[in-house]
Amino acid sequence: MTTTTATVQVAPEGLRIGDRVWPLYSGSVHYWRHRREDWPRLLQNVRLMGFHFLDTYFPWNVHETSPGKFDFGEIVPEKDIAAFLEACQDHDLFVLCRPGPHINSELPFFGYPERVVNDPEIQMRTALGAPAVLPVANIPIAAPSYASEKFYEAVAEYFDAVAPVLSRYIYPRGPIVAVQSDNEMSLFFRTRCYDLDYHPGAIAAYRRMLVRKYGDIGALNRLYGSGYADFDSVEPPRDYLAQSRAELIPYLDWAEYQEEYINDGLVRIRRMLEARGLTGVPYYHNYPTFYPEAPFRMGALEEVMDIAGVDAYPRPDQYGMVKRGAQFTSTMSRLPFIPEFGAGTWAWYKPQPPEDHLFNTRTAFIHGIRAINYYMLADRDRWLNTPLHEDGTPREDMFAIYQRWNAQLDQLCWHELRVERRVLILSPRLYARLRYVAVEGSIPYDWLMSFYCALPGDFFLSTSTPETRDAIQQQFQPWVDAFRFALDDLGVSYALADSDISDDRLAAYSTVIVPTFEWLDRELADKLDRYARGGGHVLCGPRLPTTTETGDPIAVWSSPPPLKTAPRVDLGPDLWLEDVDLWAQSEREGDGTASFVHTFAHGLGQIAVIAGVFPHPDLLREKEHSYRQIGPVLVPLLAAAGVATAYTRNNLNVDISVLSSANRRVICLANPTPDAQPVSVQVVNAASFRDIDTGARSIGNLNLTLTPWTVSIWEIDP
Amino acid sequence: MNNDVSRNDDVLGISAPWMQVLQLDPTQWGRLYNLLIKPNRAATGLYILHDAGKVVTATPNYAPRVLGLPDVIDEPDVAAEELYPLWARGPVVILERTALKQAFDRVQRARTDGDDIFTFLIKLADILANEPGMVIHPNPFEAWRDIPPTLPRAFARSIAPEGTKRSALVAIYDDAGLYTSLLLGFESGQLTQVTTAPMAGGVDWKSDQARLLPLAEARFSPIALGLFMPLSLVERIGLGPRSAARWLDAEQRGELICRPGSLAELARQVVSDL
């Protein structure tokens, strides 16, 4: 999306500003929440921590004094946007500009004027027609619909007022080097398929999408098995009631529309800002989830935004969540960026000590994140425990953490490092979309209910897929997770992606592991076909796909049928496969024994299917670690693709990541547990290490004891 | 927190009338979080969805297999009670499919412009407590059944009537001294400030009032309610509107100290203002 005429461009290592690429390490400071005389101290200490970028919102309801009237410092000095941007420039800080209109920021009405969210014509609608009320502090709001024309008319009034001020400070005239289009545009955290948005404007847009997709109503009727007279009579689904494969299609279309709804709103906001002079710099957006699946779509978003970022406010015990998100984002995004990463905490959450902040931050970086904005750098109303007090003076322990980490990032040229990975686990978007639609019921306030008790992510998933052997929506994730955990235990680093990954990026991996069932979308089937024909190794299962979701045959994956089936095959004392297909052994190994692993050549490459369903991790005695018992099956398949482990370790509780650039290699050891973990690590072709924290050297095996919730980083001597 | 900034209504006017000041000691706030919220989050609920008694699905999705759930649930109330000890990982929630959707639609329609979060949550709890198609065991909403949504505002008005500024302090102690606290500021019936009392110097719940009350008054405004109690009492009685009587009993038995007035007096005032 970045044009060649832009003065600031996205690079894999950061932002290219003028003729220099700057690593994007940033932090949030909200000018209007601090006394103006404290601004210099705040900005000076942001710089002293080693940051070159600062992020701030420009909130609509802070600046609007009455409808159509705005204060940009004429009345309240702290609202003087121009003065703040000039102060940033004076302190050599680039600015990430976030003009909304959605702000959240713990502001009443999420930063919208009260009159806007109280307008019934603007409000989002539930499937039964109620306004979509968000139970947020301090005043619950009825969320606005991003399909409401009246909403955009109101937004235009604010942009007409604020954009002329902001556009004066776009680089190189001023410090603004990137613009965020809206904020966590997420259906306001209510991403349940039959919850939102049923605003009349949204339903009209859904019908327009159907017109674009099917052309004439006859084509739609043939696929749906329906008898609609025209597109205007097509109603969106309001509950999941599919009983057949054909009946699934309208639900998948509704999910596709919701993906469009999110992206369309963001594009429209971007165009409105560009039309008002905010041009020449990259635009980005921040998903509210660290692993964006349906209704989010990172690949599609980066076709209309320069960067699709992900937000995260992790605790140390969410190490796995951060790792997974970083593995995905660093594979899918042109610049893996976290526009909001927790520093300090909002008022109604538990604060974390400085060392936990360091652990969380390092976790993201060692698994591939290369750009970050810490939210927040300075205390303010409703946000606590950040590196700077509200008046800009340092909170010593937090300040020191960020100052030191920024220096280490610079010293190691971290922005040039890449995680060494040759294996990719790919989640088909079609299955994620199916999981999104095959939901029998939902609670709009699931996050609120989580104060009562923990809610699993697979809330009220349907237990079967119509006219399909497996319950795809329930079984594809355990299939993915089994190989994730098995690879972790084998010491094989891997990337994560979805179907939107390009052929070029796919070709960088020796092996692609992908869950497949009896039906799969043609686009992905063709992509995997091209990959394998070009020499790649595909490991799939539990079934070889034979048709698309609409029933068209997929011929390219042809293979002889299995000999027989078995209800269960044990892989070890704690792991088994269910509903297993058994083939004659492949010719290479053939001894006539039936096997659940079926391998066949495909072009220059190979396809292997592991033909059974993995049990849910909660049914396993050792949960994730039980999956290691698929390891012996996996090892020869990886070896055939030339994938070898880069290290061995004697303690599987220690997670390891190896990153390298043309000039440097580092090994990172994480202890994501509450107990000390002694470990001895042998790294292939490396025998001398330097601890980046202490400068200590280690020769031979790397032997150390990791304290709880720590990441130890060692530079490998060439 | 710089109080000069916080009093600058022009700067932070957008935050008004709620929580213009929020400054919590992380240690004390962490303990409050552990006391009030963490135990709930550690539990995993069993959610069962049915359509006129016929089980449609359950969450977690492995639960039916583990528990051997029946295909039909005739009496959800009885089933929830029976399943609770079998599940043993958290509460059991049995929801009728249509009721689930309609109840939350009613919740959202019940909001009116100007409702604050407390008012809205009481409305939500009341609707969910009265919805026959939603069986929750144990049911936290029961405690809020038929509680007037105006209760929080009546409480705030009782602390700080129109035109006044007053503070309320809750201080909880363990053997090591002040364990955690909340110091709330109210103006004209609105909560405007939330903070914690200084830990250093806190000794025990019977004598710390001499230190904390003047300090709180100097920091914010005259104290309308100061509560001092041991941690064990909070753990024993718990929070919520139905525990009010037990708190009054504890005051009578001298298990907590209330200054300057009494809890009973405050309760009468709140009820008369509903």
# chains A, B, ... in the order shown; residues from 1 in each chain; ligands from 1

call {"tool": "residues_around", "arguments": {"residues": "stretch 143-145 of chain B", "least_positions_apart": "4", "cutoff": "8 Å", "atoms": "only C-alpha atoms", "output": "VMD selection string"}}
result
chain B and resid 122 125 to 127 129 to 130 139 240 to 242

call {"tool": "write_last_selection", "arguments": {"atoms": "N, CA and C atoms", "output": "compact mmCIF listing (two decimals), in the first residue's frame"}}
result
# COMPACT_ATOMS: atom_id res chain seq x y z
N ILE B 122 -26.24 -3.46 37.70
CA ILE B 122 -27.33 -3.93 38.58
C ILE B 122 -28.55 -4.30 37.74
N ALA B 125 -27.67 -7.68 36.21
CA ALA B 125 -27.75 -8.77 37.18
C ALA B 125 -29.20 -9.11 37.50
N ASP B 126 -30.03 -8.10 37.62
CA ASP B 126 -31.44 -8.33 37.95
C ASP B 126 -32.15 -9.09 36.83
N ILE B 127 -31.89 -8.70 35.59
CA ILE B 127 -32.53 -9.39 34.45
C ILE B 127 -32.05 -10.85 34.38
N ALA B 129 -30.88 -12.64 36.82
CA ALA B 129 -31.36 -13.38 38.00
C ALA B 129 -32.81 -13.79 37.83
N ASN B 130 -33.58 -13.01 37.10
CA ASN B 130 -35.01 -13.28 36.95
C ASN B 130 -35.35 -14.05 35.68
N ASN B 139 -25.14 -19.03 41.82
CA ASN B 139 -25.60 -17.89 41.05
C ASN B 139 -25.22 -16.56 41.70
N GLY B 240 -21.13 -7.94 48.69
CA GLY B 240 -22.37 -8.05 47.94
C GLY B 240 -23.53 -7.55 48.78
N PRO B 241 -24.64 -7.23 48.11
CA PRO B 241 -25.76 -6.59 48.83
C PRO B 241 -26.39 -7.50 49.87
N ARG B 242 -26.36 -8.80 49.68
CA ARG B 242 -27.01 -9.71 50.64
C ARG B 242 -26.17 -9.93 51.89

call {"tool": "interface_residues", "arguments": {"of": "chain B", "to": "chain A", "cutoff": "6 Å", "atoms": "only C-alpha atoms", "output": "PyMOL selection string"}}
result
chain B and resi 22+26+30+40-41+43-45+57-59+105+108-109+116-117

call {"tool": "write_last_selection", "arguments": {"atoms": "all heavy atoms", "output": "short mmCIF file (atom, residue, chain, number, x, y, z; two decimals), in the first residue's frame"}}
result
data_model
loop_
_atom_site.label_atom_id
_atom_site.label_comp_id
_atom_site.auth_asym_id
_atom_site.auth_seq_id
_atom_site.Cartn_x
_atom_site.Cartn_y
_atom_site.Cartn_z
N LEU B 22 -7.03 8.89 40.08
CA LEU B 22 -6.92 7.47 40.36
C LEU B 22 -5.46 7.17 40.60
O LEU B 22 -4.65 7.27 39.69
CB LEU B 22 -7.45 6.64 39.19
CG LEU B 22 -7.75 5.21 39.60
CD1 LEU B 22 -8.90 4.66 38.81
CD2 LEU B 22 -6.53 4.34 39.42
N PRO B 26 0.40 -0.22 43.75
CA PRO B 26 0.31 -1.50 43.05
C PRO B 26 0.22 -2.70 43.99
O PRO B 26 -0.50 -3.66 43.70
CB PRO B 26 1.61 -1.54 42.24
CG PRO B 26 1.98 -0.12 42.04
CD PRO B 26 1.52 0.60 43.28
N GLY B 30 -2.94 -5.03 43.88
CA GLY B 30 -2.74 -6.44 43.55
C GLY B 30 -3.43 -7.34 44.57
O GLY B 30 -4.04 -8.35 44.23
N ASN B 40 -12.24 -16.18 41.22
CA ASN B 40 -13.22 -16.47 40.18
C ASN B 40 -12.55 -16.88 38.87
O ASN B 40 -12.97 -17.82 38.20
CB ASN B 40 -14.09 -15.25 39.90
CG ASN B 40 -14.95 -14.89 41.09
OD1 ASN B 40 -15.10 -15.69 42.01
ND2 ASN B 40 -15.50 -13.70 41.08
N ARG B 41 -11.49 -16.17 38.53
CA ARG B 41 -10.86 -16.41 37.22
C ARG B 41 -10.15 -17.76 37.20
O ARG B 41 -9.84 -18.27 36.14
CB ARG B 41 -9.89 -15.29 36.89
CG ARG B 41 -10.58 -13.95 36.82
CD ARG B 41 -9.73 -12.93 36.14
NE ARG B 41 -10.21 -12.75 34.78
CZ ARG B 41 -10.02 -11.64 34.07
NH1 ARG B 41 -9.38 -10.64 34.57
NH2 ARG B 41 -10.49 -11.55 32.86
N ALA B 43 -11.44 -20.47 38.24
CA ALA B 43 -12.42 -21.53 38.02
C ALA B 43 -12.78 -21.61 36.54
O ALA B 43 -12.74 -20.61 35.82
CB ALA B 43 -13.67 -21.24 38.84
N THR B 44 -13.13 -22.81 36.09
CA THR B 44 -13.60 -22.98 34.71
C THR B 44 -15.07 -23.37 34.75
O THR B 44 -15.43 -24.40 35.34
CB THR B 44 -12.80 -24.08 33.99
OG1 THR B 44 -11.43 -23.66 33.94
CG2 THR B 44 -13.31 -24.28 32.57
N GLY B 45 -15.89 -22.59 34.13
CA GLY B 45 -17.32 -22.87 34.13
C GLY B 45 -17.69 -23.97 33.14
O GLY B 45 -17.03 -24.14 32.12
N THR B 57 -25.23 -28.17 22.73
CA THR B 57 -23.77 -28.25 22.83
C THR B 57 -23.35 -27.82 24.22
O THR B 57 -24.17 -27.35 25.02
CB THR B 57 -23.09 -27.36 21.76
OG1 THR B 57 -21.67 -27.56 21.82
CG2 THR B 57 -23.39 -25.90 21.96
N ALA B 58 -22.07 -27.99 24.52
CA ALA B 58 -21.56 -27.60 25.83
C ALA B 58 -20.15 -27.06 25.67
O ALA B 58 -19.46 -27.33 24.70
CB ALA B 58 -21.55 -28.80 26.77
N THR B 59 -19.76 -26.28 26.65
CA THR B 59 -18.41 -25.72 26.69
C THR B 59 -17.85 -25.95 28.09
O THR B 59 -18.56 -25.68 29.05
CB THR B 59 -18.44 -24.20 26.40
OG1 THR B 59 -19.00 -24.01 25.10
CG2 THR B 59 -17.06 -23.61 26.44
N ASP B 105 -30.59 -9.27 25.05
CA ASP B 105 -31.21 -8.17 24.32
C ASP B 105 -31.97 -7.24 25.29
O ASP B 105 -31.91 -6.02 25.17
CB ASP B 105 -32.16 -8.72 23.25
CG ASP B 105 -31.89 -8.08 21.90
OD1 ASP B 105 -30.74 -8.16 21.44
OD2 ASP B 105 -32.82 -7.46 21.35
N GLN B 108 -29.60 -4.98 27.13
CA GLN B 108 -29.10 -3.82 26.37
C GLN B 108 -30.19 -2.77 26.16
O GLN B 108 -29.92 -1.58 26.14
CB GLN B 108 -28.51 -4.30 25.05
CG GLN B 108 -27.25 -5.11 25.30
CD GLN B 108 -26.69 -5.78 24.06
OE1 GLN B 108 -25.81 -5.23 23.43
NE2 GLN B 108 -27.19 -6.96 23.73
N ARG B 109 -31.42 -3.23 26.04
CA ARG B 109 -32.51 -2.26 25.91
C ARG B 109 -32.78 -1.56 27.24
O ARG B 109 -33.38 -0.49 27.28
CB ARG B 109 -33.79 -2.96 25.43
CG ARG B 109 -33.71 -3.44 23.98
CD ARG B 109 -35.01 -4.11 23.58
NE ARG B 109 -34.86 -4.91 22.37
CZ ARG B 109 -34.92 -4.43 21.13
NH1 ARG B 109 -35.13 -3.14 20.95
NH2 ARG B 109 -34.78 -5.21 20.09
N ASP B 116 -24.76 5.06 34.73
CA ASP B 116 -23.34 4.77 34.89
C ASP B 116 -23.16 3.25 34.92
O ASP B 116 -24.13 2.49 34.87
CB ASP B 116 -22.75 5.46 36.13
CG ASP B 116 -23.39 4.99 37.41
OD1 ASP B 116 -23.99 3.89 37.42
OD2 ASP B 116 -23.31 5.73 38.40
N ILE B 117 -21.92 2.82 35.01
CA ILE B 117 -21.63 1.39 34.91
C ILE B 117 -22.28 0.60 36.05
O ILE B 117 -22.77 -0.51 35.85
CB ILE B 117 -20.09 1.13 34.85
CG1 ILE B 117 -19.78 -0.33 34.61
CG2 ILE B 117 -19.39 1.61 36.09
CD1 ILE B 117 -20.16 -0.85 33.26
#

call {"tool": "residues_around", "arguments": {"residues": "B:Leu225", "least_positions_apart": "4", "cutoff": "10 Å", "atoms": "only C-alpha atoms", "output": "ChimeraX atom specification"}}
result
/B:158-159,166-170,183-184,213,258-263,266

call {"tool": "write_last_selection", "arguments": {"atoms": "N, CA and C atoms", "output": "mmCIF file, in the first residue's frame"}}
result
data_model
loop_
_atom_site.group_PDB
_atom_site.id
_atom_site.type_symbol
_atom_site.label_atom_id
_atom_site.label_comp_id
_atom_site.auth_asym_id
_atom_site.auth_seq_id
_atom_site.Cartn_x
_atom_site.Cartn_y
_atom_site.Cartn_z
ATOM 1 N N SER B 158 -25.372 9.476 50.080
ATOM 2 C CA SER B 158 -25.331 9.400 51.537
ATOM 3 C C SER B 158 -23.954 9.776 52.061
ATOM 4 N N ILE B 159 -22.942 9.435 51.303
ATOM 5 C CA ILE B 159 -21.579 9.822 51.702
ATOM 6 C C ILE B 159 -21.371 11.319 51.513
ATOM 7 N N ARG B 166 -16.742 14.630 50.324
ATOM 8 C CA ARG B 166 -16.465 13.737 51.455
ATOM 9 C C ARG B 166 -15.655 12.538 50.972
ATOM 10 N N SER B 167 -15.023 11.862 51.932
ATOM 11 C CA SER B 167 -14.223 10.676 51.608
ATOM 12 C C SER B 167 -14.751 9.448 52.321
ATOM 13 N N ALA B 168 -14.448 8.313 51.765
ATOM 14 C CA ALA B 168 -14.738 7.037 52.425
ATOM 15 C C ALA B 168 -13.469 6.186 52.370
ATOM 16 N N LEU B 169 -13.165 5.569 53.489
ATOM 17 C CA LEU B 169 -11.926 4.786 53.576
ATOM 18 C C LEU B 169 -12.246 3.384 54.066
ATOM 19 N N VAL B 170 -11.751 2.388 53.356
ATOM 20 C CA VAL B 170 -11.839 1.003 53.819
ATOM 21 C C VAL B 170 -10.411 0.505 53.985
ATOM 22 N N LEU B 183 -9.348 4.301 49.274
ATOM 23 C CA LEU B 183 -9.749 5.625 49.741
ATOM 24 C C LEU B 183 -10.501 6.291 48.596
ATOM 25 N N LEU B 184 -11.794 6.498 48.806
ATOM 26 C CA LEU B 184 -12.658 7.013 47.748
ATOM 27 C C LEU B 184 -13.059 8.447 48.050
ATOM 28 N N LEU B 213 -7.163 8.415 59.508
ATOM 29 C CA LEU B 213 -8.290 9.342 59.315
ATOM 30 C C LEU B 213 -7.812 10.780 59.087
ATOM 31 N N CYS B 258 -16.048 1.377 62.741
ATOM 32 C CA CYS B 258 -16.586 2.323 61.757
ATOM 33 C C CYS B 258 -16.548 3.718 62.361
ATOM 34 N N ARG B 259 -15.914 4.655 61.698
ATOM 35 C CA ARG B 259 -15.820 6.033 62.165
ATOM 36 C C ARG B 259 -16.124 6.979 60.999
ATOM 37 N N PRO B 260 -16.749 8.117 61.177
ATOM 38 C CA PRO B 260 -17.178 8.675 62.464
ATOM 39 C C PRO B 260 -18.550 8.140 62.898
ATOM 40 N N GLY B 261 -19.375 7.693 61.970
ATOM 41 C CA GLY B 261 -20.707 7.219 62.350
ATOM 42 C C GLY B 261 -20.715 5.718 62.503
ATOM 43 N N SER B 262 -21.848 5.115 62.169
ATOM 44 C CA SER B 262 -21.931 3.660 62.227
ATOM 45 C C SER B 262 -22.460 3.139 60.893
ATOM 46 N N LEU B 263 -22.198 1.867 60.636
ATOM 47 C CA LEU B 263 -22.700 1.255 59.406
ATOM 48 C C LEU B 263 -24.221 1.241 59.395
ATOM 49 N N LEU B 266 -25.540 4.549 58.347
ATOM 50 C CA LEU B 266 -25.340 4.752 56.915
ATOM 51 C C LEU B 266 -26.363 3.938 56.115
#

call {"tool": "select_by_dssp", "arguments": {"residues": "stretch 436-502 of chain A", "states": "alpha helix (DSSP H)", "output": "PyMOL selection string"}}
result
chain A and resi 436-437+446-449+472-490

call {"tool": "write_last_selection", "arguments": {"atoms": "C-alpha atoms", "output": "PDB file, in the first residue's frame"}}
result
ATOM      1  CA  TYR A 436     -16.535 -18.567  13.709  1.00  0.00           C
ATOM      2  CA  VAL A 437     -19.925 -19.422  12.208  1.00  0.00           C
ATOM      3  CA  ASP A 446     -18.038 -12.968  27.657  1.00  0.00           C
ATOM      4  CA  TRP A 447     -15.190 -10.827  28.980  1.00  0.00           C
ATOM      5  CA  LEU A 448     -17.483  -9.643  31.765  1.00  0.00           C
ATOM      6  CA  MET A 449     -18.456 -13.223  32.537  1.00  0.00           C
ATOM      7  CA  ILE A 472     -13.877 -29.636  11.557  1.00  0.00           C
ATOM      8  CA  GLN A 473     -14.531 -26.561  13.696  1.00  0.00           C
ATOM      9  CA  GLN A 474     -13.592 -28.478  16.830  1.00  0.00           C
ATOM     10  CA  GLN A 475     -10.817 -30.649  15.517  1.00  0.00           C
ATOM     11  CA  PHE A 476      -8.619 -28.476  13.369  1.00  0.00           C
ATOM     12  CA  GLN A 477      -7.101 -26.520  16.249  1.00  0.00           C
ATOM     13  CA  PRO A 478      -5.975 -29.575  18.273  1.00  0.00           C
ATOM     14  CA  TRP A 479      -4.374 -30.871  15.075  1.00  0.00           C
ATOM     15  CA  VAL A 480      -2.395 -27.628  14.768  1.00  0.00           C
ATOM     16  CA  ASP A 481      -1.590 -27.507  18.471  1.00  0.00           C
ATOM     17  CA  ALA A 482      -0.318 -31.085  18.537  1.00  0.00           C
ATOM     18  CA  PHE A 483       2.377 -30.223  16.022  1.00  0.00           C
ATOM     19  CA  ARG A 484       3.173 -26.894  17.658  1.00  0.00           C
ATOM     20  CA  PHE A 485       3.897 -28.562  20.960  1.00  0.00           C
ATOM     21  CA  ALA A 486       5.681 -31.496  19.349  1.00  0.00           C
ATOM     22  CA  LEU A 487       7.983 -29.154  17.422  1.00  0.00           C
ATOM     23  CA  ASP A 488       8.630 -27.183  20.611  1.00  0.00           C
ATOM     24  CA  ASP A 489       9.743 -30.346  22.317  1.00  0.00           C
ATOM     25  CA  LEU A 490      11.878 -31.437  19.359  1.00  0.00           C
TER      26      LEU A 490
END

call {"tool": "residues_around", "arguments": {"residues": "A:Val165", "least_positions_apart": "6", "cutoff": "12 Å", "atoms": "only C-alpha atoms", "output": "list in words"}}
result
Phe58, Phe70, Asp71, Phe72, Gly73, Asp80, Ile81, Ala82, Ala83, Phe84, Leu85, Glu86, Cys97, Pro99, Tyr158, Phe159, Arg173, Gly174, Ile176, Leu273, Arg276, Gly277 and Leu278 of chain A
